[in-house]
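Colleague: Sharing final12.cif here; it has mmCIF, C-alpha atoms; chains and numbers go by the auth columns.
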data_entry
#
loop_
_atom_site.group_PDB
_atom_site.id
_atom_site.type_symbol
_atom_site.label_atom_id
_atom_site.label_comp_id
_atom_site.label_asym_id
_atom_site.label_seq_id
_atom_site.Cartn_x
_atom_site.Cartn_y
_atom_site.Cartn_z
_atom_site.B_iso_or_equiv
_atom_site.auth_seq_id
_atom_site.auth_asym_id
ATOM 1 C CA MET A 1 -35.282 29.567 62.280 0.00 1 C
ATOM 2 C CA VAL A 2 -33.467 26.387 63.272 0.00 2 C
ATOM 3 C CA THR A 3 -33.730 23.280 61.113 0.00 3 C
ATOM 4 C CA ILE A 4 -33.619 19.901 62.802 0.00 4 C
ATOM 5 C CA GLU A 5 -33.318 16.726 60.800 0.00 5 C
ATOM 6 C CA THR A 6 -34.243 13.244 61.926 0.00 6 C
ATOM 7 C CA GLU A 7 -34.081 9.853 60.321 0.00 7 C
ATOM 8 C CA VAL A 8 -37.150 7.695 59.818 0.00 8 C
ATOM 9 C CA PRO A 9 -36.704 3.989 59.081 0.00 9 C
ATOM 10 C CA GLU A 10 -37.648 3.225 55.489 0.00 10 C
ATOM 11 C CA ASP A 11 -40.283 0.638 56.419 0.00 11 C
ATOM 12 C CA VAL A 12 -41.919 3.053 58.860 0.00 12 C
ATOM 13 C CA TYR A 13 -42.029 5.774 56.217 0.00 13 C
ATOM 14 C CA GLN A 14 -43.494 3.351 53.692 0.00 14 C
ATOM 15 C CA THR A 15 -46.219 2.414 56.157 0.00 15 C
ATOM 16 C CA LEU A 16 -46.978 6.092 56.730 0.00 16 C
ATOM 17 C CA GLN A 17 -47.077 6.679 52.967 0.00 17 C
ATOM 18 C CA ALA A 18 -49.601 3.853 52.653 0.00 18 C
ATOM 19 C CA HIS A 19 -51.752 5.851 55.097 0.00 19 C
ATOM 20 C CA GLY A 20 -51.373 9.030 53.046 0.00 20 C
ATOM 21 C CA VAL A 21 -48.692 10.627 55.201 0.00 21 C
ATOM 22 C CA PHE A 22 -45.897 11.994 53.038 0.00 22 C
ATOM 23 C CA ARG A 23 -42.837 14.095 53.880 0.00 23 C
ATOM 24 C CA GLU A 24 -44.573 17.451 54.263 0.00 24 C
ATOM 25 C CA GLN A 25 -47.478 16.013 56.284 0.00 25 C
ATOM 26 C CA LEU A 26 -45.038 14.017 58.394 0.00 26 C
ATOM 27 C CA SER A 27 -42.973 17.117 59.102 0.00 27 C
ATOM 28 C CA ASP A 28 -46.095 19.132 59.994 0.00 28 C
ATOM 29 C CA ARG A 29 -47.444 16.376 62.240 0.00 29 C
ATOM 30 C CA VAL A 30 -44.113 15.943 64.015 0.00 30 C
ATOM 31 C CA ARG A 31 -44.017 19.684 64.756 0.00 31 C
ATOM 32 C CA GLU A 32 -47.582 19.515 66.090 0.00 32 C
ATOM 33 C CA LEU A 33 -46.816 16.521 68.282 0.00 33 C
ATOM 34 C CA LEU A 34 -43.654 18.138 69.638 0.00 34 C
ATOM 35 C CA ALA A 35 -45.561 21.331 70.369 0.00 35 C
ATOM 36 C CA ILE A 36 -48.301 19.407 72.187 0.00 36 C
ATOM 37 C CA ARG A 37 -45.764 17.429 74.220 0.00 37 C
ATOM 38 C CA PHE A 38 -43.648 20.442 75.193 0.00 38 C
ATOM 39 C CA TYR A 39 -46.791 22.405 76.082 0.00 39 C
ATOM 40 C CA LYS A 40 -48.018 19.549 78.300 0.00 40 C
ATOM 41 C CA GLU A 41 -44.601 19.442 79.992 0.00 41 C
ATOM 42 C CA ARG A 42 -44.788 23.228 80.497 0.00 42 C
ATOM 43 C CA ALA A 43 -41.532 23.629 78.582 0.00 43 C
ATOM 44 C CA LEU A 44 -43.285 25.973 76.114 0.00 44 C
ATOM 45 C CA SER A 45 -45.938 28.608 76.606 0.00 45 C
ATOM 46 C CA LEU A 46 -49.163 28.448 74.628 0.00 46 C
ATOM 47 C CA GLY A 47 -47.872 31.029 72.153 0.00 47 C
ATOM 48 C CA GLN A 48 -44.510 29.311 71.712 0.00 48 C
ATOM 49 C CA ALA A 49 -46.117 25.920 71.233 0.00 49 C
ATOM 50 C CA ALA A 50 -48.551 27.375 68.707 0.00 50 C
ATOM 51 C CA ARG A 51 -45.657 28.854 66.711 0.00 51 C
ATOM 52 C CA LEU A 52 -43.767 25.541 66.819 0.00 52 C
ATOM 53 C CA ALA A 53 -46.881 23.772 65.544 0.00 53 C
ATOM 54 C CA GLY A 54 -47.273 26.390 62.814 0.00 54 C
ATOM 55 C CA HIS A 55 -50.705 27.460 64.065 0.00 55 C
ATOM 56 C CA THR A 56 -52.390 30.525 65.485 0.00 56 C
ATOM 57 C CA ARG A 57 -53.103 30.368 69.212 0.00 57 C
ATOM 58 C CA TRP A 58 -56.780 29.577 68.553 0.00 58 C
ATOM 59 C CA ALA A 59 -55.951 26.839 66.057 0.00 59 C
ATOM 60 C CA PHE A 60 -53.472 25.377 68.548 0.00 60 C
ATOM 61 C CA ILE A 61 -56.099 25.459 71.297 0.00 61 C
ATOM 62 C CA GLU A 62 -58.372 23.485 68.966 0.00 62 C
ATOM 63 C CA LEU A 63 -55.505 21.045 68.300 0.00 63 C
ATOM 64 C CA LEU A 64 -55.000 20.617 72.048 0.00 64 C
ATOM 65 C CA SER A 65 -58.707 19.967 72.487 0.00 65 C
ATOM 66 C CA ALA A 66 -58.728 17.424 69.645 0.00 66 C
ATOM 67 C CA ASN A 67 -55.888 15.616 71.424 0.00 67 C
ATOM 68 C CA ASP A 68 -57.548 15.736 74.866 0.00 68 C
ATOM 69 C CA VAL A 69 -54.944 18.125 76.268 0.00 69 C
ATOM 70 C CA PRO A 70 -56.291 20.740 78.676 0.00 70 C
ATOM 71 C CA VAL A 71 -55.460 24.322 77.738 0.00 71 C
ATOM 72 C CA ILE A 72 -55.487 25.347 81.370 0.00 72 C
ATOM 73 C CA ASP A 73 -54.010 22.763 83.681 0.00 73 C
ATOM 74 C CA TYR A 74 -53.489 24.322 87.089 0.00 74 C
ATOM 75 C CA THR A 75 -51.988 22.455 89.993 0.00 75 C
ATOM 76 C CA ASN A 76 -54.080 22.613 93.167 0.00 76 C
ATOM 77 C CA GLU A 77 -51.685 25.237 94.547 0.00 77 C
ATOM 78 C CA GLU A 78 -51.915 27.378 91.403 0.00 78 C
ATOM 79 C CA LEU A 79 -55.702 27.147 91.417 0.00 79 C
ATOM 80 C CA GLU A 80 -55.802 28.120 95.077 0.00 80 C
ATOM 81 C CA ASP A 81 -53.563 31.133 94.308 0.00 81 C
ATOM 82 C CA GLU A 82 -55.949 32.187 91.521 0.00 82 C
ATOM 83 C CA PHE A 83 -58.963 31.973 93.853 0.00 83 C
ATOM 84 C CA ASP A 84 -57.082 33.958 96.490 0.00 84 C
ATOM 85 C CA ALA A 85 -56.251 36.644 93.919 0.00 85 C
ATOM 86 C CA VAL A 86 -59.911 36.872 92.842 0.00 86 C
ATOM 87 C CA ALA A 87 -61.054 37.101 96.454 0.00 87 C
ATOM 88 C CA HIS A 88 -58.500 39.863 97.086 0.00 88 C
ATOM 89 C CA LEU A 89 -59.676 41.804 94.015 0.00 89 C
ATOM 90 C CA ASN A 90 -63.281 41.350 95.105 0.00 90 C
ATOM 91 C CA ASP A 91 -62.431 42.744 98.557 0.00 91 C
ATOM 92 C CA GLU A 92 -60.726 45.783 96.966 0.00 92 C
ATOM 93 C CA VAL A 93 -63.682 46.475 94.671 0.00 93 C
ATOM 94 C CA SER A 94 -66.174 46.078 97.522 0.00 94 C
ATOM 95 C CA ALA A 95 -64.245 48.445 99.819 0.00 95 C
#
Re-express the file's structure as structure tokens.
Modeller:
Amino acid sequence: MVTIETEVPEDVYQTLQAHGVFREQLSDRVRELLAIRFYKERALSLGQAARLAGHTRWAFIELLSANDVPVIDYTNEELEDEFDAVAHLNDEVSA
């Protein structure tokens, strides 16, 4: 495990405390937000992002959904490749 530290301005932390966000919650939320961001950028797989967030895959999928992040976000080319693969499998099964 790697530990990364970051500084938070005192006034920002005080504002977060006033909203019920303390050190542990802040740390957890930062990990979740990083996981979401790196998943969206395709820097992390679903499993890796879930581990970074400290969640199971299913809990992370729910977190993605709650933050309006698609779990499956194919480019047009990737989607076309998937349809081609399904059509090819269908042809093999039908033969």
Colleague: Quote the spacing between atom CA of Arg51 of chain C and atom CA of Ile4 of chain C in Å to one decimal place.
Modeller: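 One can read the atom CA of Arg51 of chain C to atom CA of Ile4 of chain C distance as 15.5 Å.
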Colleague: Give me, as a VMD selection string, all polymer residues having an atom no more than 12 Å from Leu44 of chain C, counting only C-alpha atoms and skipping those fewer than 6 positions away in the same chain.
Modeller: chain C and resid 34 to 38 50 to 53
Colleague: Which centre and edge lengths in Å to one decimal define the box along x, y and z that fits every listed atom of segment 12-25 of chain C plus 5 Å per side, as JSON?
Modeller:
{"center_x": -46.8, "center_y": 9.9, "center_z": 55.8, "size_x": 19.8, "size_y": 25.0, "size_z": 16.2}
Colleague: Once you count only C-alpha atoms, what closest atom pair and distance in Å to one decimal does each residue of segment 40-81 of chain C within 12 Å of segment 26-32 of chain C have, with rows by chain and rising residue number, as a tab-separated table?
Modeller:
residue	atom	partner	partner_atom	distance
C:Gln48	CA	C:Glu32	CA	11.7
C:Ala49	CA	C:Glu32	CA	8.3
C:Ala50	CA	C:Glu32	CA	8.3
C:Arg51	CA	C:Arg31	CA	9.5
C:Leu52	CA	C:Arg31	CA	6.2
C:Ala53	CA	C:Glu32	CA	4.3
C:Gly54	CA	C:Glu32	CA	7.6
C:His55	CA	C:Glu32	CA	8.8
C:Ala59	CA	C:Glu32	CA	11.1
C:Phe60	CA	C:Glu32	CA	8.7
C:Ile61	CA	C:Glu32	CA	11.6
C:Glu62	CA	C:Glu32	CA	11.9
C:Leu63	CA	C:Glu32	CA	8.4
C:Leu64	CA	C:Glu32	CA	9.6
C:Ala66	CA	C:Glu32	CA	11.9
C:Asn67	CA	C:Glu32	CA	10.6
Colleague: At what distance in Å, to one decimal, does atom CA of Leu89 of chain C lie from atom CA of Asn76 of chain C?
Modeller: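 Taking atom CA of Asn76 of chain C and atom CA of Leu89 of chain C, their separation equals 20.0 Å.
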Colleague: Just how far from atom CA of Lys40 of chain C is atom CA of Asp68 of chain C, in Å to one decimal?
Modeller: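 Separation between atom CA of Asp68 of chain C and atom CA of Lys40 of chain C: 10.8 Å.
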Colleague: Restricting the calculation to only C-alpha atoms, which member of C:Leu79, C:Val8, C:Val93, C:Val69 is positioned closest to Glu41 of chain C?
Modeller: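 Result for the nearest residue to Glu41 of chain C: C:Val69.
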